[in-house]
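Participant: What follows is input.txt, made up of compact mmCIF, C-alpha atoms:
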```
# COMPACT_ATOMS: atom_id res chain seq x y z
CA ASP A 235 -11.15 -4.78 -10.91
CA SER A 236 -9.00 -6.14 -8.07
CA GLY A 237 -11.78 -8.29 -6.63
CA VAL A 238 -11.64 -6.41 -3.31
CA THR A 239 -14.86 -4.61 -2.45
CA GLN A 240 -15.09 -1.70 -0.06
CA THR A 241 -18.22 0.03 1.14
CA PRO A 242 -19.21 2.78 1.40
CA LYS A 243 -17.19 4.61 -1.26
CA HIS A 244 -17.92 7.99 0.29
CA LEU A 245 -19.07 8.94 3.76
CA ILE A 246 -19.67 12.34 5.29
CA THR A 247 -20.29 12.59 9.00
CA ALA A 248 -19.88 14.90 11.95
CA THR A 249 -17.31 15.06 14.72
CA GLY A 250 -18.02 12.74 17.59
CA GLN A 251 -19.85 10.20 15.43
CA ARG A 252 -19.00 6.57 14.75
CA VAL A 253 -18.72 4.88 11.36
CA THR A 254 -18.04 1.38 10.08
CA LEU A 255 -16.12 0.67 6.90
CA ARG A 256 -16.52 -2.72 5.31
CA CYS A 257 -14.17 -4.77 3.17
CA SER A 258 -14.70 -8.01 1.28
CA PRO A 259 -11.40 -9.56 0.20
CA ARG A 260 -10.74 -11.39 -3.05
CA SER A 261 -12.16 -14.87 -3.11
CA GLY A 262 -9.76 -17.18 -1.30
CA ASP A 263 -7.58 -14.46 0.24
CA LEU A 264 -7.11 -14.93 3.96
CA SER A 265 -5.17 -11.73 4.76
CA VAL A 266 -6.83 -8.34 5.04
CA TYR A 267 -4.96 -5.09 5.56
CA TRP A 268 -6.26 -1.63 6.41
CA TYR A 269 -4.43 1.56 5.44
CA GLN A 270 -5.17 5.25 5.96
CA GLN A 271 -4.16 7.91 3.48
CA SER A 272 -4.52 11.47 4.74
CA LEU A 273 -3.88 14.57 2.67
CA ASP A 274 -0.26 14.67 1.46
CA GLN A 275 0.58 11.59 3.48
CA GLY A 276 1.56 8.17 2.25
CA LEU A 277 -0.29 4.98 3.02
CA GLN A 278 -0.20 4.49 6.78
CA PHE A 279 -0.56 0.91 7.95
CA LEU A 280 -3.33 0.41 10.48
CA ILE A 281 -3.83 -3.31 11.01
CA GLN A 282 -3.63 -6.74 9.37
CA TYR A 283 -5.77 -9.82 9.91
CA TYR A 284 -5.11 -13.34 8.76
CA ASN A 285 -7.92 -15.88 8.78
CA GLY A 286 -9.77 -14.09 11.53
CA GLU A 287 -6.80 -13.34 13.78
CA GLU A 288 -4.96 -10.07 14.22
CA ARG A 289 -1.50 -10.52 12.63
CA ALA A 290 0.13 -7.08 12.83
CA LYS A 291 -0.79 -3.70 14.23
CA GLY A 292 0.40 -0.25 13.21
CA ASN A 293 -0.19 3.13 14.78
CA ILE A 294 -3.93 2.57 14.98
CA LEU A 295 -5.69 4.95 17.35
CA GLU A 296 -7.52 3.52 20.36
CA ARG A 297 -10.71 5.05 18.93
CA PHE A 298 -10.35 2.72 15.94
CA SER A 299 -10.96 -0.99 16.01
CA ALA A 300 -11.22 -3.73 13.42
CA GLN A 301 -12.12 -7.35 13.08
CA GLN A 302 -12.23 -10.08 10.49
CA PHE A 303 -15.25 -12.34 10.47
CA PRO A 304 -15.49 -16.09 9.74
CA ASP A 305 -16.53 -15.34 6.15
CA LEU A 306 -13.25 -13.34 5.92
CA HIS A 307 -14.82 -9.94 5.38
CA SER A 308 -13.44 -7.23 7.62
CA GLU A 309 -14.80 -4.11 9.25
CA LEU A 310 -12.95 -1.04 10.47
CA ASN A 311 -14.81 0.89 13.17
CA LEU A 312 -13.93 4.53 13.75
CA SER A 313 -15.47 6.21 16.77
CA SER A 314 -15.46 9.65 18.43
CA LEU A 315 -14.50 11.00 15.05
CA GLU A 316 -12.31 14.08 14.78
CA LEU A 317 -11.66 16.39 11.84
CA GLY A 318 -8.22 14.83 11.45
CA ASP A 319 -9.75 11.43 10.77
CA SER A 320 -10.85 12.65 7.35
CA ALA A 321 -8.93 10.44 4.96
CA LEU A 322 -9.09 7.75 2.32
CA TYR A 323 -9.19 4.33 3.95
CA PHE A 324 -7.96 1.44 1.85
CA CYS A 325 -8.48 -2.22 2.40
CA ALA A 326 -6.21 -4.73 0.69
CA SER A 327 -6.13 -8.50 0.62
CA SER A 328 -3.54 -11.14 -0.06
CA ASP A 329 -3.38 -14.89 -0.24
CA SER A 330 -0.18 -14.84 1.80
CA GLY A 331 -0.02 -14.68 5.56
CA THR A 332 3.67 -13.92 5.45
CA ASN A 333 3.51 -10.77 3.31
CA THR A 334 5.34 -12.27 0.34
CA GLY A 335 2.27 -12.07 -1.86
CA GLU A 336 1.15 -8.94 -3.63
CA LEU A 337 -1.59 -6.88 -2.05
CA PHE A 338 -4.81 -6.31 -3.98
CA PHE A 339 -6.40 -3.01 -3.07
CA GLY A 340 -10.02 -1.99 -2.97
CA GLU A 341 -11.15 1.37 -4.34
CA GLY A 342 -11.09 2.94 -0.89
CA SER A 343 -13.64 4.58 1.36
CA ARG A 344 -13.35 8.36 1.51
CA LEU A 345 -14.35 9.64 4.92
CA THR A 346 -15.07 13.31 5.47
CA VAL A 347 -15.60 14.49 9.04
CA LEU A 348 -17.23 17.93 9.33
CA ILE B 1477 17.52 2.90 8.03
CA LEU B 1478 14.54 2.13 10.25
CA ASN B 1479 11.74 2.76 7.78
CA VAL B 1480 10.91 2.49 4.08
CA GLU B 1481 12.18 5.53 2.21
CA GLN B 1482 11.84 6.54 -1.42
CA SER B 1483 13.62 9.07 -3.57
CA PRO B 1484 13.05 11.30 -5.32
CA GLN B 1485 9.56 12.27 -4.16
CA SER B 1486 8.71 13.64 -7.58
CA LEU B 1487 10.19 13.46 -11.02
CA HIS B 1488 9.40 15.04 -14.38
CA VAL B 1489 10.81 13.40 -17.50
CA GLN B 1490 10.31 13.84 -21.22
CA GLU B 1491 8.54 11.18 -23.23
CA GLY B 1492 11.12 8.66 -24.42
CA ASP B 1493 13.54 9.25 -21.54
CA SER B 1494 14.52 6.39 -19.29
CA THR B 1495 14.38 6.94 -15.57
CA ASN B 1496 14.88 5.21 -12.27
CA PHE B 1497 14.07 5.70 -8.63
CA THR B 1498 15.16 4.24 -5.34
CA CYS B 1499 13.57 2.48 -2.41
CA SER B 1500 15.59 2.02 0.78
CA PHE B 1501 14.54 -0.33 3.56
CA PRO B 1502 16.03 -1.88 6.70
CA SER B 1503 18.37 -4.67 5.62
CA SER B 1504 18.05 -6.55 8.91
CA ASN B 1505 15.22 -9.05 9.11
CA PHE B 1506 14.37 -8.55 5.44
CA TYR B 1507 11.48 -10.58 4.14
CA ALA B 1508 10.06 -9.07 0.96
CA LEU B 1509 10.01 -5.92 -1.12
CA HIS B 1510 6.89 -4.86 -3.03
CA TRP B 1511 6.55 -2.27 -5.83
CA TYR B 1512 3.17 -0.77 -6.68
CA ARG B 1513 1.94 1.66 -9.28
CA TRP B 1514 -0.76 4.12 -8.20
CA GLU B 1515 -2.56 6.14 -10.82
CA THR B 1516 -4.65 9.16 -9.86
CA ALA B 1517 -8.20 8.28 -8.78
CA LYS B 1518 -7.39 4.57 -8.85
CA SER B 1519 -6.06 2.04 -6.35
CA PRO B 1520 -2.46 0.89 -6.08
CA GLU B 1521 -1.65 -2.11 -8.26
CA ALA B 1522 1.26 -4.46 -7.72
CA LEU B 1523 4.16 -4.45 -10.14
CA PHE B 1524 6.60 -6.79 -8.43
CA VAL B 1525 7.19 -8.66 -5.20
CA MET B 1526 10.81 -9.64 -4.66
CA THR B 1527 12.25 -11.76 -1.91
CA LEU B 1528 15.77 -12.85 -2.91
CA ASN B 1529 18.95 -10.78 -2.88
CA GLY B 1530 19.95 -10.06 -6.46
CA ASP B 1531 16.40 -10.57 -7.76
CA GLU B 1532 15.67 -8.80 -11.02
CA LYS B 1533 12.12 -8.64 -12.35
CA LYS B 1534 10.74 -7.19 -15.54
CA LYS B 1535 7.31 -6.32 -16.85
CA GLY B 1536 7.37 -4.70 -20.27
CA ARG B 1537 9.44 -1.52 -20.05
CA ILE B 1538 9.55 -1.59 -16.25
CA SER B 1539 12.13 -3.55 -14.30
CA ALA B 1540 13.33 -3.73 -10.73
CA THR B 1541 16.39 -4.93 -8.87
CA LEU B 1542 16.89 -5.86 -5.24
CA ASN B 1543 19.89 -5.67 -2.91
CA THR B 1544 18.89 -7.00 0.49
CA LYS B 1545 22.38 -6.77 2.00
CA GLU B 1546 22.56 -3.01 1.61
CA GLY B 1547 18.80 -2.45 1.80
CA TYR B 1548 17.81 -0.91 -1.52
CA SER B 1549 15.80 -1.58 -4.63
CA TYR B 1550 15.75 0.31 -7.92
CA LEU B 1551 12.80 0.65 -10.26
CA TYR B 1552 13.68 1.41 -13.88
CA ILE B 1553 11.38 2.62 -16.64
CA LYS B 1554 12.78 2.45 -20.14
CA GLY B 1555 11.49 4.87 -22.76
CA SER B 1556 8.92 6.59 -20.53
CA GLN B 1557 5.46 7.15 -21.98
CA PRO B 1558 2.74 9.55 -20.78
CA GLU B 1559 0.74 6.56 -19.54
CA ASP B 1560 3.59 5.78 -17.13
CA SER B 1561 2.66 8.91 -15.18
CA ALA B 1562 1.72 7.68 -11.72
CA THR B 1563 3.01 7.40 -8.18
CA TYR B 1564 5.30 4.44 -7.66
CA LEU B 1565 5.26 2.96 -4.17
CA CYS B 1566 7.50 0.45 -2.52
CA ALA B 1567 6.65 -1.48 0.62
CA SER B 1568 8.25 -4.00 2.93
CA PRO B 1569 7.12 -5.93 5.99
CA LEU B 1570 9.31 -4.39 8.67
CA GLY B 1571 10.64 -6.80 11.24
CA GLY B 1572 9.99 -9.99 9.34
CA GLY B 1573 7.30 -11.74 7.36
CA TYR B 1574 4.55 -11.36 9.88
CA GLN B 1575 5.08 -7.68 10.54
CA LYS B 1576 3.35 -4.63 9.16
CA VAL B 1577 3.72 -4.05 5.43
CA THR B 1578 5.04 -0.49 5.48
CA PHE B 1579 4.89 1.77 2.44
CA GLY B 1580 7.25 4.52 1.44
CA ILE B 1581 5.92 7.98 0.59
CA GLY B 1582 6.17 7.20 -3.11
CA THR B 1583 7.81 8.72 -6.19
CA LYS B 1584 5.40 10.76 -8.30
CA LEU B 1585 6.41 10.48 -11.93
CA GLN B 1586 5.12 12.82 -14.60
CA VAL B 1587 6.03 12.06 -18.21
CA ILE B 1588 5.77 15.14 -20.42
CA PRO B 1589 4.70 14.46 -24.03
```
Just give me the structure as structure tokens.

Facilitator:
Amino acid sequence: DSGVTQTPKHLITATGQRVTLRCSPRSGDLSVYWYQQSLDQGLQFLIQYYNGEERAKGNILERFSAQQFPDLHSELNLSSLELGDSALYFCASSDSGTNTGELFFGEGSRLTVL
Amino acid sequence: ILNVEQSPQSLHVQEGDSTNFTCSFPSSNFYALHWYRWETAKSPEALFVMTLNGDEKKKGRISATLNTKEGYSYLYIKGSQPEDSATYLCASPLGGGYQKVTFGIGTKLQVIP
């Protein structure tokens, strides 16, 4: 158990809908990262937050947004969903803001868009 | 190199064999190099985080080396066991410590009993 909690574990929805994925980092970790893993693809970096502020941004679609709240949990919002958004979304946390600490991954949220 | 690259993408070895794989990364603006082990139906788990040129780290039968000047790291597994079967990922924050932690595609290792 990494100490990182992601909900929901599985989600099935239709095209055009909006979903919210939630992540609670390990106790004390200030950095939260979001990654997308599509079929046969590696982990694609979406976005990183550190203590409530956006720290780094990857190729995150405009339809996707994220935030980190004062209690350090984070949410990833995916809207106007398309079939290609079906993927495993991982959240990870770290106690380092400078990416020298190991990342602790949650179990992932598997999104299926029909 | 502009991205994090790994080779080979897959590898089959016999139980007891030793093996190694490579991670290449941009040598400019290097900050850290991470190795993770990812077993099927689980989440990636960290093996090592290395920051200094010439770093060597070891955990049991697994070890890693780092060359930041030429932009590569090797992961070695000595005497592979079936339980070593997993995908091994490396990652690096591209562009400096505050930049996106970018993962390679991974090396999928299968150890045949």

Participant: So how many Å separate atom CA of Cys1499 of chain B and atom CA of Ser1519 of chain B, to one decimal?

Facilitator: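 Between atom CA of Cys1499 of chain B and atom CA of Ser1519 of chain B the gap works out to 20.0 Å.
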
Participant: For a test of reading the model, state the distance in Å between atom CA of Gly1547 of chain B and atom CA of Ser1494 of chain B, rounded to one decimal.

Facilitator: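 Going from atom CA of Gly1547 of chain B over to atom CA of Ser1494 of chain B, I get 23.3 Å.
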
Participant: Any idea what the distance is between atom CA of Leu1509 of chain B and atom CA of Gly1555 of chain B?

Facilitator: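 Going from atom CA of Leu1509 of chain B over to atom CA of Gly1555 of chain B covers 24.2 Å.
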
Participant: Find the residues near segment 249-261 of chain A: any atom within 8 Å, counting all atoms listed in the file, skip ones fewer than 6 places away on the same chain, and give them as a count of residues only.

Facilitator: 28

Participant: May I ask which of the residues B:Pro1520, B:Gly1536, B:Gly1571, B:Pro1502 is the closest one to chain A, counting all atoms listed in the file?

Facilitator: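 Between B:Pro1520, B:Gly1536, B:Gly1571, B:Pro1502, the residue approaching chain A most closely is B:Pro1520.
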